[in-house]
file model_12.pdb (PDB, C-alpha atoms)
ATOM      1  CA  ARG A1418       0.000   0.000   0.000
ATOM      2  CA  ARG A1419       3.054   2.236  -0.085
ATOM      3  CA  ASP A1420       1.887   3.611  -3.433
ATOM      4  CA  GLU A1421      -1.167   5.155  -1.738
ATOM      5  CA  PHE A1422       1.094   7.066   0.629
ATOM      6  CA  LEU A1423       3.415   8.188  -2.161
ATOM      7  CA  GLU A1424       0.505   9.388  -4.312
ATOM      8  CA  ALA A1425      -0.661  11.501  -1.373
ATOM      9  CA  ARG A1426       2.922  12.830  -0.943
ATOM     10  CA  ILE A1427       3.282  11.166   2.446
ATOM     11  CA  SER A1428       6.666   9.790   3.468
ATOM     12  CA  LEU A1429       6.594   6.250   4.769
ATOM     13  CA  VAL A1430       9.338   4.892   7.012
ATOM     14  CA  LEU A1431       9.545   1.381   8.441
ATOM     15  CA  VAL A1432      11.983   0.729  11.286
ATOM     16  CA  SER A1433      12.633  -2.797  12.507
ATOM     17  CA  ILE A1434      15.047  -4.511  14.808
ATOM     18  CA  GLY A1435      17.936  -6.139  13.011
ATOM     19  CA  LYS A1436      21.258  -5.633  11.346
ATOM     20  CA  PRO A1437      21.706  -3.796   8.021
ATOM     21  CA  GLU A1438      22.622  -6.943   6.087
ATOM     22  CA  VAL A1439      19.520  -8.699   7.410
ATOM     23  CA  GLY A1440      17.390  -5.653   6.561
ATOM     24  CA  LYS A1441      18.532  -5.927   2.954
ATOM     25  CA  LYS A1442      17.655  -9.643   2.896
ATOM     26  CA  PHE A1443      14.240  -8.808   4.420
ATOM     27  CA  VAL A1444      13.534  -6.233   1.688
ATOM     28  CA  ASP A1445      14.623  -8.663  -1.030
ATOM     29  CA  HIS A1446      12.714 -11.590   0.476
ATOM     30  CA  LEU A1447       9.431  -9.682   0.712
ATOM     31  CA  GLU A1448      10.015  -8.049  -2.676
ATOM     32  CA  LEU A1449       9.460  -4.575  -1.248
ATOM     33  CA  LYS A1450       9.753  -2.200  -4.190
ATOM     34  CA  ASP A1451      12.378   0.460  -3.392
ATOM     35  CA  GLY A1452      12.516  -0.890   0.164
ATOM     36  CA  GLU A1453      16.039   0.409   0.651
ATOM     37  CA  GLU A1454      14.543   3.927   0.522
ATOM     38  CA  TYR A1455      12.185   3.479   3.471
ATOM     39  CA  VAL A1456      13.117   0.369   5.474
ATOM     40  CA  PHE A1457      15.621   0.996   8.266
ATOM     41  CA  VAL A1458      17.003  -1.234  11.002
ATOM     42  CA  ASP A1459      17.661  -0.577  14.672
ATOM     43  CA  PRO A1460      20.227  -3.172  15.805
ATOM     44  CA  GLU A1461      20.809  -1.516  19.183
ATOM     45  CA  ASN A1462      17.105  -1.028  19.941
ATOM     46  CA  ALA A1463      17.654   2.730  20.271
ATOM     47  CA  LEU A1464      14.386   3.833  18.663
ATOM     48  CA  TYR A1465      12.346   1.162  20.425
ATOM     49  CA  ASP A1466      13.852   2.258  23.737
ATOM     50  CA  GLU A1467      13.343   5.977  23.035
ATOM     51  CA  LEU A1468       9.693   5.429  22.102
ATOM     52  CA  ASP A1469       9.253   3.098  25.089
ATOM     53  CA  LEU A1470       7.449   0.491  22.993
ATOM     54  CA  ASN A1471       5.823  -2.432  24.778
ATOM     55  CA  ARG A1472       7.895  -5.551  25.322
ATOM     56  CA  GLY A1473       7.982  -8.670  27.401
ATOM     57  CA  ILE A1474       6.722 -12.215  27.600
ATOM     58  CA  ALA A1475       3.264 -11.238  28.859
ATOM     59  CA  GLU A1476       2.760  -8.690  26.066
ATOM     60  CA  THR A1477       4.103 -11.035  23.417
ATOM     61  CA  PHE A1478       2.427 -14.310  24.350
ATOM     62  CA  PHE A1479      -0.143 -13.934  27.109
ATOM     63  CA  SER A1480      -1.967 -10.636  26.601
ATOM     64  CA  PRO A1481      -5.755 -10.891  26.302
ATOM     65  CA  SER A1482      -5.558  -8.404  23.418
ATOM     66  CA  THR A1483      -3.802 -10.961  21.182
ATOM     67  CA  PRO A1484      -6.783 -13.281  20.626
ATOM     68  CA  PHE A1485      -9.083 -10.278  20.228
ATOM     69  CA  ALA A1486      -6.749  -8.826  17.590
ATOM     70  CA  PHE A1487      -6.845 -12.117  15.684
ATOM     71  CA  LEU A1488     -10.619 -12.381  16.140
ATOM     72  CA  ASP A1489     -10.949  -8.933  14.581
ATOM     73  CA  ARG A1490      -8.865 -10.060  11.600
ATOM     74  CA  PHE A1491     -10.797 -13.321  11.198
ATOM     75  CA  THR A1492     -14.261 -11.781  11.369
ATOM     76  CA  LYS A1493     -14.023  -8.609   9.282
ATOM     77  CA  GLN A1494     -14.230  -8.599   5.512
ATOM     78  CA  ASP A1495     -10.741  -8.897   3.994
ATOM     79  CA  GLY A1496      -9.330  -8.841   7.538
ATOM     80  CA  MET A1497      -6.710 -11.431   6.644
ATOM     81  CA  LYS A1498      -5.966 -10.183   3.122
ATOM     82  CA  GLU A1499      -2.842  -8.134   3.854
ATOM     83  CA  LEU A1500      -1.559 -10.601   6.445
ATOM     84  CA  ASN A1501      -1.998 -13.482   3.986
ATOM     85  CA  GLU A1502      -0.136 -11.515   1.308
ATOM     86  CA  VAL A1503       2.851 -11.103   3.634
ATOM     87  CA  LEU A1504       2.705 -14.597   5.127
ATOM     88  CA  GLY A1505       2.463 -16.060   1.627
ATOM     89  CA  LYS A1506       5.998 -14.775   0.988
ATOM     90  CA  TRP A1507       7.541 -16.321   4.102
ATOM     91  CA  SER A1508       9.777 -19.322   3.781
ATOM     92  CA  SER A1509      12.731 -20.668   5.701
ATOM     93  CA  LYS A1510      14.748 -17.884   4.002
ATOM     94  CA  GLY A1511      12.537 -15.296   5.713
ATOM     95  CA  ILE A1512      13.257 -16.211   9.319
ATOM     96  CA  TYR A1513      15.645 -13.819  10.997
ATOM     97  CA  LEU A1514      16.936 -13.830  14.533
ATOM     98  CA  PRO A1515      17.219 -10.449  16.240
ATOM     99  CA  PRO A1516      20.686  -9.173  17.230
ATOM    100  CA  LYS A1517      19.675  -9.327  20.900
ATOM    101  CA  ILE A1518      17.497 -12.222  22.041
ATOM    102  CA  THR A1519      15.325  -9.894  24.141
ATOM    103  CA  GLN A1520      14.343  -8.022  20.967
ATOM    104  CA  GLY A1521      12.226 -11.018  20.039
ATOM    105  CA  LEU A1522       9.804  -9.834  22.747
ATOM    106  CA  ASN A1523       9.433  -6.295  21.348
ATOM    107  CA  GLN A1524       6.073  -5.042  20.198
ATOM    108  CA  GLY A1525       5.901  -2.448  17.469
ATOM    109  CA  GLY A1526       4.014   0.735  16.952
ATOM    110  CA  THR A1527       2.698   3.122  14.339
ATOM    111  CA  PHE A1528       3.360   6.827  14.393
ATOM    112  CA  VAL A1529       2.294   9.747  12.236
ATOM    113  CA  PHE A1530       4.342  12.919  12.446
ATOM    114  CA  ARG A1531       3.961  16.313  10.826
ATOM    115  CA  GLY A1532       7.358  17.861  11.331
ATOM    116  CA  GLU A1533       8.064  17.550  15.049
ATOM    117  CA  GLU A1534       4.369  17.228  15.930
ATOM    118  CA  THR A1535       3.099  13.742  16.781
ATOM    119  CA  LEU A1536      -0.349  13.239  15.257
ATOM    120  CA  LEU A1537      -0.705   9.547  16.095
ATOM    121  CA  ALA A1538       1.146   7.321  18.522
ATOM    122  CA  HIS A1539      -0.168   3.753  18.459
ATOM    123  CA  TYR A1540       1.708   1.323  20.697
ATOM    124  CA  ASP A1541       0.963  -2.297  19.744
ATOM    125  CA  GLU A1542      -0.517  -3.697  22.923
ATOM    126  CA  SER A1543       0.444  -7.245  21.999
ATOM    127  CA  THR A1544       1.085  -9.578  19.095
ATOM    128  CA  ALA A1545      -1.222  -8.729  16.166
ATOM    129  CA  ALA A1546      -2.699  -5.664  17.916
ATOM    130  CA  HIS A1547      -1.590  -3.249  15.207
ATOM    131  CA  ALA A1548      -2.937   0.151  14.190
ATOM    132  CA  LYS A1549      -5.648   0.086  11.540
ATOM    133  CA  LEU A1550      -3.830   1.021   8.350
ATOM    134  CA  ASP A1551      -6.880   2.666   6.760
ATOM    135  CA  GLU A1552      -7.205   4.975   9.761
ATOM    136  CA  VAL A1553      -3.475   5.748   9.718
ATOM    137  CA  PHE A1554      -3.671   6.604   6.018
ATOM    138  CA  ARG A1555      -6.736   8.842   6.490
ATOM    139  CA  LEU A1556      -5.049  10.759   9.298
ATOM    140  CA  ALA A1557      -1.763  11.101   7.414
ATOM    141  CA  ARG A1558      -3.542  12.214   4.255
ATOM    142  CA  ALA A1559      -5.649  14.773   6.107
ATOM    143  CA  SER A1560      -2.566  16.184   7.819
ATOM    144  CA  ALA A1561      -0.639  16.350   4.528
ATOM    145  CA  THR A1562      -3.263  18.660   3.024
ATOM    146  CA  LYS A1563      -3.078  21.167   5.886
TER
END
call {"tool": "encode", "arguments": {"input": "model_12.pdb", "output": "structure tokens"}}
result
Amino acid sequence: RRDEFLEARISLVLVSIGKPEVGKKFVDHLELKDGEEYVFVDPENALYDELDLNRGIAETFFSPSTPFAFLDRFTKQDGMKELNEVLGKWSSKGIYLPPKITQGLNQGGTFVFRGEETLLAHYDESTAAHAKLDEVFRLARASATK
């Protein structure tokens, strides 16, 4: 869906744990067009730490929000479409170990910035409890036109 953001003149940046060489393999493996322009890695966990993203065994494996997040995906129309597209590309070549074992317990987040102003800060509560991409796009698009 990156094209939607680009058409609206919205910059998209993806930051993940990992080492640069693994980030390149990740981009190639998932066939992310021009991924080297917007996919960055954080081997030291600096950004995750600065943003104070959720982490831990409870948040990763035992949070009540995890089954509800999956239930939401399973029950809404096309709720699994994007996930299936990504998972369909996974193979044994797409399994990467984080530089630090504790990074495997990190949860992600979604943020929308306009300059230094934070318009959206979504902290993934648990596995699969991600921000709704349509809502993120609407907010980013509305802020880009201001």
call {"tool": "resolve_selection", "arguments": {"input": "model_12.pdb", "expression": "the PyMOL selection byres ((chain A and resi 1438-1449) around 12)", "output": "ChimeraX atom specification"}}
result
/A:1418-1420,1431-1437,1450-1460,1502-1516
call {"tool": "resolve_selection", "arguments": {"input": "model_12.pdb", "expression": "the PyMOL selection byres ((chain A and resi 1529-1541) around 9)", "output": "list of chain:residue names"}}
result
A:Asp1469, A:Leu1470, A:Asn1471, A:Gln1524, A:Gly1525, A:Gly1526, A:Thr1527, A:Phe1528, A:Glu1542, A:Ser1543, A:Thr1544, A:Ala1545, A:Ala1546, A:His1547, A:Ala1548, A:Val1553, A:Leu1556, A:Ala1557, A:Ser1560, A:Ala1561
call {"tool": "atom_distance", "arguments": {"input": "model_12.pdb", "atom1": "atom CA of Leu1550 of chain A", "atom2": "atom CA of Lys1517 of chain A"}}
result
28.6 Å
call {"tool": "atom_distance", "arguments": {"input": "model_12.pdb", "atom1": "atom CA of Leu1522 of chain A", "atom2": "atom CA of Gly1473 of chain A"}}
result
5.1 Å
call {"tool": "atom_distance", "arguments": {"input": "model_12.pdb", "atom1": "atom CA of Ala1486 of chain A", "atom2": "atom CA of Arg1555 of chain A"}}
result
20.9 Å
call {"tool": "decode", "arguments": {"input": "model_12.pdb", "residues": "segment 1449-1464 of chain A", "atoms": "all heavy atoms", "output": "mmCIF file, in the first residue's frame"}}
result
data_model
loop_
_atom_site.group_PDB
_atom_site.id
_atom_site.type_symbol
_atom_site.label_atom_id
_atom_site.label_comp_id
_atom_site.auth_asym_id
_atom_site.auth_seq_id
_atom_site.Cartn_x
_atom_site.Cartn_y
_atom_site.Cartn_z
ATOM 1 N N LEU A 1449 9.945 -5.920 -1.516
ATOM 2 C CA LEU A 1449 9.460 -4.575 -1.248
ATOM 3 C C LEU A 1449 10.084 -3.617 -2.253
ATOM 4 O O LEU A 1449 11.281 -3.356 -2.213
ATOM 5 C CB LEU A 1449 9.805 -4.149 0.180
ATOM 6 C CG LEU A 1449 9.222 -5.010 1.291
ATOM 7 C CD1 LEU A 1449 9.751 -4.558 2.647
ATOM 8 C CD2 LEU A 1449 7.699 -4.963 1.263
ATOM 9 N N LYS A 1450 9.266 -3.113 -3.146
ATOM 10 C CA LYS A 1450 9.753 -2.200 -4.190
ATOM 11 C C LYS A 1450 10.392 -0.977 -3.547
ATOM 12 O O LYS A 1450 9.778 -0.316 -2.710
ATOM 13 C CB LYS A 1450 8.584 -1.790 -5.088
ATOM 14 C CG LYS A 1450 8.984 -0.900 -6.224
ATOM 15 C CD LYS A 1450 7.784 -0.492 -7.040
ATOM 16 C CE LYS A 1450 8.187 0.573 -8.039
ATOM 17 N NZ LYS A 1450 7.026 1.227 -8.617
ATOM 18 N N ASP A 1451 11.624 -0.692 -3.913
ATOM 19 C CA ASP A 1451 12.378 0.460 -3.392
ATOM 20 C C ASP A 1451 12.493 0.432 -1.871
ATOM 21 O O ASP A 1451 12.618 1.476 -1.230
ATOM 22 C CB ASP A 1451 11.751 1.788 -3.841
ATOM 23 C CG ASP A 1451 11.682 1.915 -5.354
ATOM 24 O OD1 ASP A 1451 12.659 1.517 -6.024
ATOM 25 O OD2 ASP A 1451 10.665 2.419 -5.871
ATOM 26 N N GLY A 1452 12.474 -0.753 -1.286
ATOM 27 C CA GLY A 1452 12.516 -0.890 0.164
ATOM 28 C C GLY A 1452 13.721 -0.239 0.807
ATOM 29 O O GLY A 1452 13.638 0.256 1.930
ATOM 30 N N GLU A 1453 14.840 -0.208 0.089
ATOM 31 C CA GLU A 1453 16.039 0.409 0.651
ATOM 32 C C GLU A 1453 15.855 1.908 0.904
ATOM 33 O O GLU A 1453 16.618 2.517 1.636
ATOM 34 C CB GLU A 1453 17.263 0.170 -0.245
ATOM 35 C CG GLU A 1453 17.190 0.786 -1.622
ATOM 36 C CD GLU A 1453 16.341 0.002 -2.645
ATOM 37 O OE1 GLU A 1453 15.923 -1.131 -2.352
ATOM 38 O OE2 GLU A 1453 16.113 0.545 -3.726
ATOM 39 N N GLU A 1454 14.813 2.503 0.325
ATOM 40 C CA GLU A 1454 14.543 3.927 0.522
ATOM 41 C C GLU A 1454 13.763 4.210 1.809
ATOM 42 O O GLU A 1454 13.778 5.328 2.303
ATOM 43 C CB GLU A 1454 13.753 4.490 -0.659
ATOM 44 C CG GLU A 1454 14.517 4.483 -1.960
ATOM 45 C CD GLU A 1454 13.685 4.975 -3.129
ATOM 46 O OE1 GLU A 1454 12.573 5.517 -2.897
ATOM 47 O OE2 GLU A 1454 14.132 4.823 -4.276
ATOM 48 N N TYR A 1455 13.059 3.204 2.334
ATOM 49 C CA TYR A 1455 12.185 3.479 3.471
ATOM 50 C C TYR A 1455 12.228 2.436 4.587
ATOM 51 O O TYR A 1455 11.577 2.605 5.616
ATOM 52 C CB TYR A 1455 10.739 3.685 3.011
ATOM 53 C CG TYR A 1455 10.087 2.459 2.394
ATOM 54 C CD1 TYR A 1455 9.305 1.612 3.162
ATOM 55 C CD2 TYR A 1455 10.253 2.158 1.047
ATOM 56 C CE1 TYR A 1455 8.712 0.500 2.613
ATOM 57 C CE2 TYR A 1455 9.660 1.050 0.493
ATOM 58 C CZ TYR A 1455 8.886 0.232 1.269
ATOM 59 O OH TYR A 1455 8.302 -0.879 0.720
ATOM 60 N N VAL A 1456 12.988 1.375 4.425
ATOM 61 C CA VAL A 1456 13.117 0.369 5.474
ATOM 62 C C VAL A 1456 14.469 0.573 6.169
ATOM 63 O O VAL A 1456 15.513 0.570 5.520
ATOM 64 C CB VAL A 1456 13.016 -1.061 4.922
ATOM 65 C CG1 VAL A 1456 13.247 -2.088 6.027
ATOM 66 C CG2 VAL A 1456 11.656 -1.287 4.262
ATOM 67 N N PHE A 1457 14.424 0.769 7.475
ATOM 68 C CA PHE A 1457 15.621 0.996 8.266
ATOM 69 C C PHE A 1457 15.666 -0.015 9.405
ATOM 70 O O PHE A 1457 14.632 -0.538 9.813
ATOM 71 C CB PHE A 1457 15.626 2.423 8.839
ATOM 72 C CG PHE A 1457 15.594 3.474 7.772
ATOM 73 C CD1 PHE A 1457 14.388 3.952 7.290
ATOM 74 C CD2 PHE A 1457 16.759 3.968 7.240
ATOM 75 C CE1 PHE A 1457 14.344 4.920 6.286
ATOM 76 C CE2 PHE A 1457 16.745 4.936 6.244
ATOM 77 C CZ PHE A 1457 15.529 5.405 5.767
ATOM 78 N N VAL A 1458 16.859 -0.284 9.911
ATOM 79 C CA VAL A 1458 17.003 -1.234 11.002
ATOM 80 C C VAL A 1458 17.573 -0.543 12.237
ATOM 81 O O VAL A 1458 18.237 0.486 12.143
ATOM 82 C CB VAL A 1458 17.886 -2.437 10.605
ATOM 83 C CG1 VAL A 1458 17.217 -3.259 9.523
ATOM 84 C CG2 VAL A 1458 19.266 -1.994 10.168
ATOM 85 N N ASP A 1459 17.271 -1.123 13.370
ATOM 86 C CA ASP A 1459 17.661 -0.577 14.672
ATOM 87 C C ASP A 1459 18.332 -1.689 15.479
ATOM 88 O O ASP A 1459 17.723 -2.266 16.372
ATOM 89 C CB ASP A 1459 16.398 -0.061 15.372
ATOM 90 C CG ASP A 1459 16.644 0.568 16.729
ATOM 91 O OD1 ASP A 1459 17.813 0.789 17.091
ATOM 92 O OD2 ASP A 1459 15.652 0.820 17.438
ATOM 93 N N PRO A 1460 19.586 -2.031 15.149
ATOM 94 C CA PRO A 1460 20.227 -3.172 15.805
ATOM 95 C C PRO A 1460 20.428 -2.991 17.301
ATOM 96 O O PRO A 1460 20.438 -3.973 18.049
ATOM 97 C CB PRO A 1460 21.570 -3.312 15.085
ATOM 98 C CG PRO A 1460 21.810 -2.009 14.429
ATOM 99 C CD PRO A 1460 20.457 -1.410 14.164
ATOM 100 N N GLU A 1461 20.564 -1.776 17.754
ATOM 101 C CA GLU A 1461 20.809 -1.516 19.183
ATOM 102 C C GLU A 1461 19.528 -1.268 19.965
ATOM 103 O O GLU A 1461 19.567 -1.036 21.172
ATOM 104 C CB GLU A 1461 21.762 -0.328 19.338
ATOM 105 C CG GLU A 1461 23.132 -0.574 18.748
ATOM 106 C CD GLU A 1461 23.805 -1.806 19.343
ATOM 107 O OE1 GLU A 1461 23.718 -2.023 20.565
ATOM 108 O OE2 GLU A 1461 24.415 -2.565 18.560
ATOM 109 N N ASN A 1462 18.385 -1.243 19.270
ATOM 110 C CA ASN A 1462 17.105 -1.028 19.941
ATOM 111 C C ASN A 1462 16.908 0.428 20.384
ATOM 112 O O ASN A 1462 16.065 0.720 21.218
ATOM 113 C CB ASN A 1462 16.986 -1.945 21.165
ATOM 114 C CG ASN A 1462 15.661 -2.638 21.245
ATOM 115 O OD1 ASN A 1462 15.318 -3.386 20.359
ATOM 116 N ND2 ASN A 1462 14.908 -2.377 22.287
ATOM 117 N N ALA A 1463 17.684 1.334 19.829
ATOM 118 C CA ALA A 1463 17.654 2.730 20.271
ATOM 119 C C ALA A 1463 16.278 3.379 20.086
ATOM 120 O O ALA A 1463 15.756 4.018 21.006
ATOM 121 C CB ALA A 1463 18.721 3.537 19.534
ATOM 122 N N LEU A 1464 15.685 3.214 18.909
ATOM 123 C CA LEU A 1464 14.386 3.833 18.663
ATOM 124 C C LEU A 1464 13.298 3.180 19.514
ATOM 125 O O LEU A 1464 12.459 3.864 20.100
ATOM 126 C CB LEU A 1464 14.023 3.763 17.183
ATOM 127 C CG LEU A 1464 12.724 4.461 16.797
ATOM 128 C CD1 LEU A 1464 12.787 5.950 17.125
ATOM 129 C CD2 LEU A 1464 12.432 4.262 15.329
#
